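K.L.:
See my_file-v6.tsv below, with TSV, C-alpha atoms.
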```tsv
chain	number	residue	atom	x	y	z
A	1489	MET	CA	-22.79	11.62	66.94
A	1490	LYS	CA	-25.85	9.49	66.24
A	1491	ASP	CA	-24.50	6.36	64.52
A	1492	ARG	CA	-22.06	3.73	65.68
A	1493	VAL	CA	-18.60	4.28	64.17
A	1494	GLN	CA	-16.26	1.48	63.16
A	1495	ASN	CA	-12.46	1.52	62.85
A	1496	ALA	CA	-10.63	4.30	64.68
A	1497	ASN	CA	-7.96	4.42	61.95
A	1498	PHE	CA	-10.44	5.63	59.30
A	1499	PRO	CA	-13.78	6.16	61.03
A	1500	LYS	CA	-16.93	5.15	59.15
A	1501	THR	CA	-20.43	4.29	60.24
A	1502	GLU	CA	-21.79	0.78	59.82
A	1503	ASP	CA	-23.40	1.83	56.53
A	1504	GLY	CA	-20.13	3.30	55.19
A	1505	ARG	CA	-20.52	7.00	55.91
A	1506	VAL	CA	-17.25	8.87	56.50
A	1507	TYR	CA	-16.86	10.70	59.78
A	1508	HIS	CA	-16.69	14.39	58.83
A	1509	LEU	CA	-18.35	14.78	55.42
A	1510	GLY	CA	-21.07	12.27	56.30
A	1511	ILE	CA	-21.28	10.85	52.78
A	1512	ARG	CA	-20.77	7.31	51.48
A	1513	ALA	CA	-19.91	5.74	48.14
A	1514	GLY	CA	-22.38	6.68	45.42
A	1515	GLU	CA	-23.16	10.11	46.87
A	1516	VAL	CA	-20.19	11.98	45.39
A	1517	ALA	CA	-19.20	12.17	41.72
A	1518	ASN	CA	-15.74	12.00	40.15
A	1519	ARG	CA	-15.92	15.64	39.03
A	1520	ILE	CA	-15.98	18.01	42.02
A	1521	ILE	CA	-16.14	21.74	42.63
A	1522	THR	CA	-15.07	22.72	46.12
A	1523	VAL	CA	-15.96	26.08	47.65
A	1524	GLY	CA	-15.78	27.69	51.07
A	1525	SER	CA	-19.13	29.48	51.10
A	1526	MET	CA	-22.51	27.78	51.58
A	1527	SER	CA	-24.27	30.39	49.45
A	1528	ARG	CA	-21.76	29.86	46.63
A	1529	ALA	CA	-22.33	26.10	46.73
A	1530	GLU	CA	-26.11	26.57	46.62
A	1531	SER	CA	-25.88	29.09	43.75
A	1532	ILE	CA	-23.82	26.70	41.64
A	1533	GLY	CA	-26.22	23.91	42.58
A	1534	LYS	CA	-29.01	25.87	40.89
A	1535	MET	CA	-27.10	25.55	37.59
A	1536	LEU	CA	-27.36	21.75	37.65
A	1537	ASP	CA	-29.90	19.75	35.64
A	1538	ALA	CA	-33.43	19.36	36.97
A	1539	SER	CA	-33.10	15.59	36.68
A	1540	PRO	CA	-31.97	13.60	38.51
A	1541	LYS	CA	-33.16	15.37	41.63
A	1542	LEU	CA	-30.24	16.88	43.53
A	1543	PHE	CA	-28.76	14.94	46.42
A	1544	SER	CA	-27.84	17.28	49.27
A	1545	LEU	CA	-26.28	16.41	52.61
A	1546	TYR	CA	-25.21	18.82	55.35
A	1547	SER	CA	-23.04	16.95	57.83
A	1548	GLU	CA	-22.85	17.43	61.58
A	1549	ARG	CA	-19.31	18.74	61.07
A	1550	GLY	CA	-20.45	21.55	58.76
A	1551	PHE	CA	-19.67	20.13	55.30
A	1552	LEU	CA	-22.26	20.45	52.51
A	1553	THR	CA	-22.27	18.01	49.57
A	1554	ILE	CA	-24.55	18.58	46.58
A	1555	THR	CA	-24.53	15.98	43.80
A	1556	GLY	CA	-26.42	16.00	40.52
A	1557	CYS	CA	-25.71	16.35	36.81
A	1558	TYR	CA	-24.66	19.22	34.59
A	1559	LYS	CA	-25.57	18.62	30.94
A	1560	SER	CA	-26.10	14.97	31.93
A	1561	VAL	CA	-22.60	14.58	33.42
A	1562	PRO	CA	-22.44	13.71	37.16
A	1563	VAL	CA	-20.84	16.44	39.26
A	1564	SER	CA	-20.58	17.28	42.97
A	1565	ILE	CA	-20.28	20.61	44.75
A	1566	VAL	CA	-18.68	20.37	48.19
A	1567	CYS	CA	-18.54	23.27	50.63
A	1568	ILE	CA	-15.65	22.74	53.03
A	1569	GLY	CA	-15.26	26.07	54.80
A	1570	MET	CA	-11.69	27.31	55.20
A	1571	GLY	CA	-8.17	26.13	55.80
A	1572	ALA	CA	-5.83	23.17	55.46
A	1573	PRO	CA	-7.50	20.83	58.01
A	1574	ASN	CA	-10.82	21.04	56.17
A	1575	VAL	CA	-9.06	20.40	52.86
A	1576	ASP	CA	-7.54	17.28	54.40
A	1577	PHE	CA	-10.94	15.99	55.54
A	1578	PHE	CA	-12.38	16.74	52.11
A	1579	ILE	CA	-9.73	15.14	49.89
A	1580	ARG	CA	-9.11	12.06	52.02
A	1581	GLU	CA	-12.72	11.22	52.83
A	1582	ILE	CA	-14.00	11.71	49.30
A	1583	ARG	CA	-11.13	9.65	47.95
A	1584	GLU	CA	-12.28	6.74	50.16
A	1585	CYS	CA	-15.86	7.10	48.85
A	1586	LEU	CA	-14.94	7.19	45.19
A	1587	SER	CA	-13.84	4.70	42.56
A	1588	GLY	CA	-11.82	5.89	39.58
A	1589	ASP	CA	-10.31	9.29	38.89
A	1590	MET	CA	-11.00	12.37	41.01
A	1591	LEU	CA	-11.11	15.82	39.38
A	1592	VAL	CA	-11.15	18.75	41.80
A	1593	ILE	CA	-11.41	22.46	41.03
A	1594	ARG	CA	-11.31	24.91	43.89
A	1595	LEU	CA	-13.45	28.03	43.33
A	1596	GLY	CA	-12.74	30.53	46.07
A	1597	SER	CA	-11.85	34.09	46.97
A	1598	CYS	CA	-8.36	35.46	47.43
A	1599	GLY	CA	-6.34	38.55	48.20
A	1600	CYS	CA	-4.07	39.92	45.48
A	1601	LEU	CA	-0.47	41.08	45.94
A	1602	THR	CA	-0.13	42.73	42.51
A	1603	ASP	CA	-1.98	45.61	40.87
A	1604	LEU	CA	-4.75	43.39	39.45
A	1605	PRO	CA	-8.14	45.01	40.14
A	1606	VAL	CA	-10.71	43.37	42.40
A	1607	GLY	CA	-13.01	41.17	40.36
A	1608	SER	CA	-10.13	39.59	38.42
A	1609	LEU	CA	-9.86	35.81	38.14
A	1610	VAL	CA	-6.53	34.12	38.91
A	1611	LEU	CA	-5.86	30.52	37.88
A	1612	PRO	CA	-2.67	29.59	39.73
A	1613	ALA	CA	-0.31	27.31	37.85
A	1614	SER	CA	1.37	26.48	41.14
A	1615	SER	CA	1.13	27.19	44.84
A	1616	VAL	CA	3.41	27.45	47.87
A	1617	ALA	CA	2.56	27.17	51.56
A	1618	CYS	CA	3.39	30.01	53.94
A	1619	THR	CA	2.99	28.91	57.55
A	1620	ARG	CA	3.58	30.34	61.01
A	1621	ASN	CA	6.66	28.82	62.65
A	1622	VAL	CA	5.44	27.72	66.07
A	1623	ASP	CA	9.05	27.26	67.25
A	1624	PHE	CA	9.69	30.98	66.89
A	1625	ASP	CA	9.48	33.06	70.08
A	1626	PHE	CA	6.72	35.53	69.16
A	1627	VAL	CA	6.91	37.24	72.56
A	1628	SER	CA	10.58	38.19	72.69
A	1629	GLY	CA	11.81	37.57	69.16
A	1630	ASP	CA	14.22	34.79	68.26
A	1631	PRO	CA	17.71	35.04	66.69
A	1632	TRP	CA	17.72	31.32	65.85
A	1633	GLU	CA	14.37	30.91	64.09
A	1634	VAL	CA	12.38	32.65	61.36
A	1635	PRO	CA	8.75	33.53	62.18
A	1636	TYR	CA	7.33	32.10	58.92
A	1637	ARG	CA	8.22	29.16	56.70
A	1638	LEU	CA	7.82	28.78	52.96
A	1639	SER	CA	7.40	25.48	51.14
A	1640	LYS	CA	8.50	24.39	47.71
A	1641	PRO	CA	5.86	24.98	44.99
A	1642	VAL	CA	3.38	22.33	43.89
A	1643	SER	CA	1.81	22.55	40.44
A	1644	ALA	CA	-1.80	22.34	39.33
A	1645	ASP	CA	-2.64	19.51	36.96
A	1646	PRO	CA	-1.62	21.10	33.63
A	1647	ASP	CA	-4.43	19.58	31.57
A	1648	LEU	CA	-7.19	20.52	34.00
A	1649	HIS	CA	-5.63	23.96	34.42
A	1650	SER	CA	-5.74	24.53	30.65
A	1651	ALA	CA	-9.31	23.21	30.40
A	1652	LEU	CA	-10.38	25.63	33.13
A	1653	ARG	CA	-8.75	28.60	31.41
A	1654	ASP	CA	-10.43	27.76	28.09
A	1655	ALA	CA	-13.85	27.18	29.67
A	1656	LEU	CA	-13.79	30.51	31.48
A	1657	GLU	CA	-13.01	32.37	28.26
A	1658	ILE	CA	-15.80	30.57	26.40
A	1659	THR	CA	-18.39	31.23	29.12
A	1660	ARG	CA	-17.42	34.87	29.75
A	1661	PRO	CA	-20.50	37.11	29.38
A	1662	PRO	CA	-19.91	39.83	26.74
A	1663	SER	CA	-20.51	42.54	29.32
A	1664	LEU	CA	-17.73	41.32	31.65
A	1665	LYS	CA	-14.24	42.64	31.02
A	1666	ASN	CA	-12.66	41.05	34.12
A	1667	LEU	CA	-9.05	39.98	33.69
A	1668	VAL	CA	-8.13	36.29	33.74
A	1669	VAL	CA	-4.54	35.49	34.76
A	1670	SER	CA	-3.41	31.90	34.32
A	1671	ASN	CA	0.38	32.02	34.78
A	1672	ALA	CA	0.36	33.05	38.44
A	1673	VAL	CA	1.73	31.58	41.65
A	1674	ASN	CA	-0.44	31.37	44.76
A	1675	ALA	CA	0.53	31.23	48.42
A	1676	SER	CA	-1.77	29.34	50.79
A	1677	THR	CA	-1.42	30.29	54.44
A	1678	ASP	CA	-2.42	28.80	57.78
A	1679	SER	CA	-3.90	32.09	59.03
A	1680	PHE	CA	-5.98	34.83	57.46
A	1681	TYR	CA	-4.13	37.26	59.68
A	1682	SER	CA	-0.57	36.51	60.80
A	1683	SER	CA	0.78	34.56	57.83
A	1684	GLN	CA	-0.95	36.91	55.38
A	1685	GLY	CA	0.83	39.92	56.82
A	1686	ARG	CA	-2.20	41.58	58.42
A	1687	GLN	CA	-1.60	43.76	61.44
A	1688	THR	CA	-3.63	43.03	64.57
A	1689	SER	CA	-3.14	43.43	68.33
A	1690	PHE	CA	-0.99	40.27	68.31
A	1691	GLN	CA	2.78	40.53	68.05
A	1692	ASP	CA	3.09	38.50	64.85
A	1693	HIS	CA	6.48	39.70	63.53
A	1694	ASN	CA	4.98	39.94	60.04
A	1695	ALA	CA	5.39	43.59	59.05
A	1696	SER	CA	7.79	42.67	56.22
A	1697	LEU	CA	6.22	39.30	55.35
A	1698	ILE	CA	4.53	40.33	52.10
A	1699	ASP	CA	7.69	42.05	50.85
A	1700	HIS	CA	9.59	38.88	51.68
A	1701	LEU	CA	7.09	36.74	49.78
A	1702	LYS	CA	7.35	38.95	46.70
A	1703	ALA	CA	11.13	38.76	46.80
A	1704	ALA	CA	11.31	35.02	47.46
A	1705	VAL	CA	8.61	33.71	45.09
A	1706	SER	CA	8.76	34.76	41.45
A	1707	GLY	CA	5.29	35.39	40.02
A	1708	ILE	CA	3.46	35.34	43.34
A	1709	THR	CA	0.05	36.93	42.84
A	1710	THR	CA	-2.51	35.71	45.39
A	1711	LEU	CA	-2.96	34.75	49.03
A	1712	GLU	CA	-5.66	32.39	50.36
A	1713	MET	CA	-5.81	29.31	52.60
A	1714	GLU	CA	-6.65	26.15	50.64
A	1715	THR	CA	-5.14	25.75	47.16
A	1716	PHE	CA	-1.68	24.53	48.14
A	1717	TRP	CA	-3.11	21.75	50.28
A	1718	ILE	CA	-5.38	20.55	47.46
A	1719	PHE	CA	-2.48	20.54	44.99
A	1720	HIS	CA	-0.19	18.86	47.52
A	1721	LEU	CA	-2.58	16.02	48.34
A	1722	ALA	CA	-3.42	15.48	44.67
A	1723	ALA	CA	0.27	15.25	43.79
A	1724	SER	CA	1.05	13.03	46.78
A	1725	TRP	CA	-1.64	10.40	46.19
A	1726	ARG	CA	-0.87	7.34	44.13
A	1727	GLY	CA	-3.87	5.10	43.74
A	1728	VAL	CA	-4.05	1.34	44.03
A	1729	LYS	CA	-4.21	-0.31	40.63
A	1730	GLN	CA	-7.87	-1.05	39.90
A	1731	SER	CA	-7.96	-4.31	37.95
A	1732	SER	CA	-9.65	-7.51	38.99
A	1733	SER	CA	-7.16	-9.54	36.97
A	1734	ALA	CA	-4.11	-7.92	38.49
A	1735	VAL	CA	-1.97	-9.91	40.86
A	1736	ASN	CA	-1.36	-7.87	43.99
A	1737	PRO	CA	2.35	-7.70	44.80
A	1738	PRO	CA	3.48	-8.24	48.39
A	1739	PRO	CA	3.31	-5.09	50.54
A	1740	ALA	CA	6.43	-3.01	50.84
A	1741	THR	CA	7.77	-2.39	54.34
A	1742	VAL	CA	8.25	1.31	55.01
A	1743	PRO	CA	9.97	2.47	58.22
A	1744	VAL	CA	8.33	5.40	59.98
A	1745	VAL	CA	10.38	7.34	62.52
A	1746	PRO	CA	8.27	8.55	65.48
A	1747	ALA	CA	7.35	12.20	64.99
A	1748	PHE	CA	8.63	13.20	68.42
A	1749	SER	CA	12.19	12.14	67.62
A	1750	GLY	CA	14.39	15.15	66.95
A	1751	ILE	CA	17.06	13.11	65.17
A	1752	PRO	CA	16.23	10.28	62.72
A	1753	SER	CA	17.16	6.95	64.25
A	1754	ARG	CA	18.33	3.76	62.56
A	1755	THR	CA	17.80	1.52	65.56
A	1756	SER	CA	15.47	-1.44	65.70
A	1757	GLU	CA	13.05	0.69	67.74
A	1758	ASN	CA	11.80	2.41	64.58
A	1759	VAL	CA	8.11	1.88	64.03
A	1760	GLU	CA	7.28	-0.03	60.85
A	1761	VAL	CA	4.00	-0.02	58.97
A	1762	LEU	CA	2.96	-1.87	55.84
A	1763	LEU	CA	1.95	0.20	52.85
A	1764	PRO	CA	0.85	-1.14	49.46
A	1765	SER	CA	3.68	-1.43	46.96
A	1766	LEU	CA	3.44	0.96	44.04
A	1767	VAL	CA	5.83	-0.91	41.73
A	1768	GLY	CA	4.81	-1.92	38.24
A	1769	ASN	CA	2.56	-0.38	35.60
A	1770	THR	CA	0.61	2.62	36.91
A	1771	SER	CA	-1.51	3.33	33.82
A	1772	SER	CA	-4.65	1.73	35.23
A	1773	ARG	CA	-4.42	3.37	38.64
A	1774	PRO	CA	-6.82	6.21	39.41
A	1775	VAL	CA	-5.47	9.73	39.71
A	1776	ILE	CA	-6.38	12.97	41.44
A	1777	ARG	CA	-6.26	16.03	39.19
A	1778	ALA	CA	-6.52	19.47	40.77
A	1779	ALA	CA	-6.82	23.06	39.60
A	1780	ALA	CA	-8.12	26.31	41.06
A	1781	ALA	CA	-9.94	29.50	40.13
A	1782	GLN	CA	-9.43	32.35	42.57
A	1783	MET	CA	-11.69	35.41	42.58
A	1784	VAL	CA	-9.84	38.54	43.68
A	1785	PHE	CA	-11.93	39.97	46.50
A	1786	ALA	CA	-9.23	42.11	48.12
A	1787	SER	CA	-6.31	44.13	46.81
A	1788	ARG	CA	-3.50	44.17	49.38
A	1789	SER	CA	-1.76	47.01	47.51
A	1790	SER	CA	-4.69	49.45	47.12
A	1791	GLN	CA	-6.77	48.06	50.04
A	1792	ALA	CA	-9.82	47.93	47.72
A	1793	PHE	CA	-12.49	45.31	48.43
A	1794	ILE	CA	-15.00	43.83	45.98
A	1795	SER	CA	-18.65	44.96	46.03
A	1796	PRO	CA	-21.61	42.55	46.49
A	1797	ASP	CA	-22.78	43.20	42.91
A	1798	GLN	CA	-19.34	42.33	41.57
A	1799	VAL	CA	-19.33	39.14	43.62
A	1800	ASN	CA	-22.67	38.05	42.17
A	1801	GLU	CA	-21.52	38.61	38.59
A	1802	LEU	CA	-18.16	36.94	39.17
A	1803	GLU	CA	-19.60	33.88	40.92
A	1804	LYS	CA	-22.18	33.29	38.19
A	1805	TRP	CA	-19.56	33.43	35.46
A	1806	SER	CA	-16.85	31.45	37.24
A	1807	GLY	CA	-19.30	28.87	38.59
A	1808	ARG	CA	-20.57	28.19	35.08
A	1809	GLY	CA	-17.01	28.11	33.73
A	1810	VAL	CA	-15.85	25.58	36.32
A	1811	LEU	CA	-18.84	23.33	35.58
A	1812	GLU	CA	-18.05	23.48	31.86
A	1813	ALA	CA	-14.38	22.69	32.46
A	1814	LEU	CA	-15.14	19.67	34.62
A	1815	THR	CA	-17.89	18.17	32.50
A	1816	LYS	CA	-16.04	18.59	29.19
A	1817	PHE	CA	-12.83	17.12	30.58
A	1818	GLY	CA	-12.54	13.63	29.13
A	1819	VAL	CA	-12.48	10.67	31.52
A	1820	ALA	CA	-12.73	7.12	30.20
A	1821	PRO	CA	-15.90	5.32	31.40
A	1822	GLU	CA	-13.87	2.62	33.13
A	1823	ARG	CA	-12.21	5.33	35.23
A	1824	LEU	CA	-15.52	6.61	36.63
A	1825	HIS	CA	-17.47	5.56	39.72
A	1826	PRO	CA	-20.16	2.94	38.92
A	1827	ILE	CA	-23.56	4.36	38.03
A	1828	SER	CA	-25.42	1.51	39.70
A	1829	GLY	CA	-26.49	2.47	43.21
A	1830	SER	CA	-25.37	6.09	42.81
A	1831	VAL	CA	-27.54	9.15	43.40
A	1832	TRP	CA	-27.11	10.12	39.74
A	1833	GLY	CA	-28.06	6.69	38.38
A	1834	PRO	CA	-31.39	4.93	37.80
A	1835	ILE	CA	-33.55	4.71	40.91
A	1836	GLU	CA	-32.99	1.39	42.65
A	1837	SER	CA	-33.84	0.03	46.04
A	1838	SER	CA	-30.29	0.79	47.18
A	1839	ASN	CA	-30.39	4.36	45.86
A	1840	PRO	CA	-30.61	6.91	48.72
A	1841	LEU	CA	-32.60	9.24	46.45
A	1842	LYS	CA	-35.55	6.84	46.31
A	1843	ALA	CA	-36.62	7.94	49.76
A	1844	LEU	CA	-36.55	11.57	48.64
A	1845	LEU	CA	-38.66	11.21	45.49
```
Mind converting the file's structure to structure tokens?
P.N.:
Amino acid sequence: MKDRVQNANFPKTEDGRVYHLGIRAGEVANRIITVGSMSRAESIGKMLDASPKLFSLYSERGFLTITGCYKSVPVSIVCIGMGAPNVDFFIREIRECLSGDMLVIRLGSCGCLTDLPVGSLVLPASSVACTRNVDFDFVSGDPWEVPYRLSKPVSADPDLHSALRDALEITRPPSLKNLVVSNAVNASTDSFYSSQGRQTSFQDHNASLIDHLKAAVSGITTLEMETFWIFHLAASWRGVKQSSSAVNPPPATVPVVPAFSGIPSRTSENVEVLLPSLVGNTSSRPVIRAAAAQMVFASRSSQAFISPDQVNELEKWSGRGVLEALTKFGVAPERLHPISGSVWGPIESSNPLKALL
């Protein structure tokens, strides 16, 4: 850590850079592609316009942010690596750097539980979380607990989901016959191994996990590690109304029971925090819209794995399709981050790109 950090609740440097992604306001656009692979982020970055010059920041914590324009529309590509914790850093820290709406499309790889061939594209309409139950006794077995837990489904934003499907069909190269499935359900897991039913030297009690998932979740098609958490955070966030003329209502008091308490308590010892009230008209509040495109790299039924040549073709097509979906998706100008002072706006003294040109 090189810079002084302020506020332990939401750490930022003195010049407003968030702790893990390393970016600040004006360095990330409202329309965002998130990927797990550095090479995928860089390949999509090469599709962006030559002007303005790309902003690129690789943080000390391993996150890469590339911001520029595609067909003159500001867009960011953010490489976050893998798993739910990195999704949490990504969504929360970008949300604090951004004014207006936030459109996120995840472009990543997945394993497939059906007979779809490798190289197919799956656009999940919803996702569930499948997580290892740490209360289960994985050494001796446990008659009182199940080894894995399944969440309720969370949906993709239907409008962004439809825009993504249409854009991928329009941008499909004539030579590619890859299937696109848009009515599927995804499961995001907390492990590439145990909660995806892979067999290792660990006693994971997961031999029947995939069969259980197929029986319990109608339409389940893919396994990966990020989509559910993106959909969940997008659906959970309710923005503060952005209007200078609005009168802020008094904060609502929300009781929070300490996490270590096994039984909810109604005593006066409950911790209370103040959260902004969300009553009243919500039409002018920013939103987070989320969708996903999942490239089938592995077939869990046939054990087939995608070839490097197939990956290159699939990433070029899907990367272009995601860019088209994001940039053609209509967002009112007043719901976008200000151009002034941004890395995609005119060069000003406060523009970080000035030092790079």
K.L.:
Which is closer to A:Thr1553 than all the others in A:Asn1574, A:Thr1522, A:Asn1497, A:Thr1709, using all atoms listed in the file?
P.N.:
A:Thr1522
K.L.:
Report the distance between atom CA of A:Trp1832 and atom CA of A:Pro1540 in Å, rounded to one decimal place.
P.N.:
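Atom CA of A:Pro1540 lies 6.1 Å from atom CA of A:Trp1832.
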K.L.:
For a test of reading the model, state the distance in Å between atom CA of A:Gly1685 and atom CA of A:Lys1702, rounded to one decimal.
P.N.:
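Atom-to-atom, atom CA of A:Gly1685 and atom CA of A:Lys1702 are spaced 12.1 Å apart.
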K.L.:
Quick one: distance from atom CA of A:Cys1585 to atom CA of A:Ile1521 in Å, one decimal?
P.N.:
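Between these atoms lies a distance of 15.9 Å.
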K.L.:
With all atoms listed in the file as the basis for distance, which of A:Ala1778, A:Gly1607, A:Val1616, A:Ala1813 is at the shortest distance from A:Asp1797?
P.N.:
A:Gly1607
K.L.:
Using only C-alpha atoms, which residues of stretch 1561-1620 of chain A come within 8 Å of stretch 1673-1681 of chain A, and what is the closest atom pair for each, with the distance in Å to one decimal? Give it as a Markdown table, sorted by chain and residue number.
P.N.:
```
| residue | atom | partner | partner_atom | distance |
| --- | --- | --- | --- | --- |
| A:Gly1571 | CA | A:Asp1678 | CA | 6.6 |
| A:Ala1572 | CA | A:Asp1678 | CA | 7.0 |
| A:Pro1612 | CA | A:Val1673 | CA | 5.2 |
| A:Ala1613 | CA | A:Val1673 | CA | 6.1 |
| A:Ser1614 | CA | A:Val1673 | CA | 5.1 |
| A:Ser1615 | CA | A:Asn1674 | CA | 4.5 |
| A:Val1616 | CA | A:Ala1675 | CA | 4.8 |
| A:Ala1617 | CA | A:Ser1676 | CA | 4.9 |
| A:Cys1618 | CA | A:Thr1677 | CA | 4.8 |
| A:Thr1619 | CA | A:Asp1678 | CA | 5.4 |
| A:Arg1620 | CA | A:Asp1678 | CA | 7.0 |
```
K.L.:
Next, the residues of the selection above should be written as a compact mmCIF listing (two decimals), in the coordinates of the input with C-alpha atoms.
P.N.:
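Result went into part_1.txt, see below:
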```txt
# COMPACT_ATOMS: atom_id res chain seq x y z
CA GLY A 1571 -8.17 26.13 55.80
CA ALA A 1572 -5.83 23.17 55.46
CA PRO A 1612 -2.67 29.59 39.73
CA ALA A 1613 -0.31 27.31 37.85
CA SER A 1614 1.37 26.48 41.14
CA SER A 1615 1.13 27.19 44.84
CA VAL A 1616 3.41 27.45 47.87
CA ALA A 1617 2.56 27.17 51.56
CA CYS A 1618 3.39 30.01 53.94
CA THR A 1619 2.99 28.91 57.55
CA ARG A 1620 3.58 30.34 61.01
```
K.L.:
Which residue gives the smallest distance to A:Ile1776 among A:Phe1543, A:Phe1498, A:Phe1551, A:Trp1725, with only C-alpha atoms counted?
P.N.:
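Closest to A:Ile1776, using only C-alpha atoms: A:Trp1725.
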K.L.:
As a compact mmCIF listing (two decimals), in the frame of the given file, please: stretch 1672-1684 of chain A completed to N, CA, C and O atoms.
P.N.:
```
# COMPACT_ATOMS: atom_id res chain seq x y z
N ALA A 1672 0.02 32.48 37.13
CA ALA A 1672 0.36 33.05 38.44
C ALA A 1672 0.79 31.97 39.43
O ALA A 1672 0.56 30.78 39.23
N VAL A 1673 1.39 32.43 40.51
CA VAL A 1673 1.73 31.58 41.65
C VAL A 1673 0.91 32.05 42.85
O VAL A 1673 0.76 33.25 43.08
N ASN A 1674 0.36 31.10 43.57
CA ASN A 1674 -0.44 31.37 44.76
C ASN A 1674 0.35 31.01 46.01
O ASN A 1674 1.21 30.13 45.97
N ALA A 1675 0.04 31.66 47.11
CA ALA A 1675 0.53 31.23 48.42
C ALA A 1675 -0.67 30.93 49.31
O ALA A 1675 -1.56 31.78 49.46
N SER A 1676 -0.72 29.72 49.85
CA SER A 1676 -1.77 29.34 50.79
C SER A 1676 -1.19 29.41 52.20
O SER A 1676 -0.10 28.89 52.46
N THR A 1677 -1.93 30.03 53.10
CA THR A 1677 -1.42 30.29 54.44
C THR A 1677 -2.23 29.52 55.48
O THR A 1677 -3.31 29.01 55.19
N ASP A 1678 -1.71 29.47 56.68
CA ASP A 1678 -2.42 28.80 57.78
C ASP A 1678 -3.15 29.79 58.67
O ASP A 1678 -3.70 29.42 59.70
N SER A 1679 -3.16 31.07 58.28
CA SER A 1679 -3.90 32.09 59.03
C SER A 1679 -4.33 33.18 58.06
O SER A 1679 -3.57 33.55 57.15
N PHE A 1680 -5.52 33.68 58.24
CA PHE A 1680 -5.98 34.83 57.46
C PHE A 1680 -5.25 36.08 57.89
O PHE A 1680 -5.14 37.04 57.12
N TYR A 1681 -4.73 36.07 59.10
CA TYR A 1681 -4.13 37.26 59.68
C TYR A 1681 -2.60 37.19 59.71
O TYR A 1681 -1.94 37.84 58.89
N SER A 1682 -2.02 36.40 60.60
CA SER A 1682 -0.57 36.51 60.80
C SER A 1682 0.23 36.15 59.56
O SER A 1682 1.09 36.91 59.13
N SER A 1683 -0.04 34.99 58.96
CA SER A 1683 0.78 34.56 57.83
C SER A 1683 0.31 35.14 56.50
O SER A 1683 0.82 34.78 55.45
N GLN A 1684 -0.64 36.09 56.55
CA GLN A 1684 -0.95 36.91 55.38
C GLN A 1684 -0.53 38.36 55.58
O GLN A 1684 -0.90 39.25 54.81
```
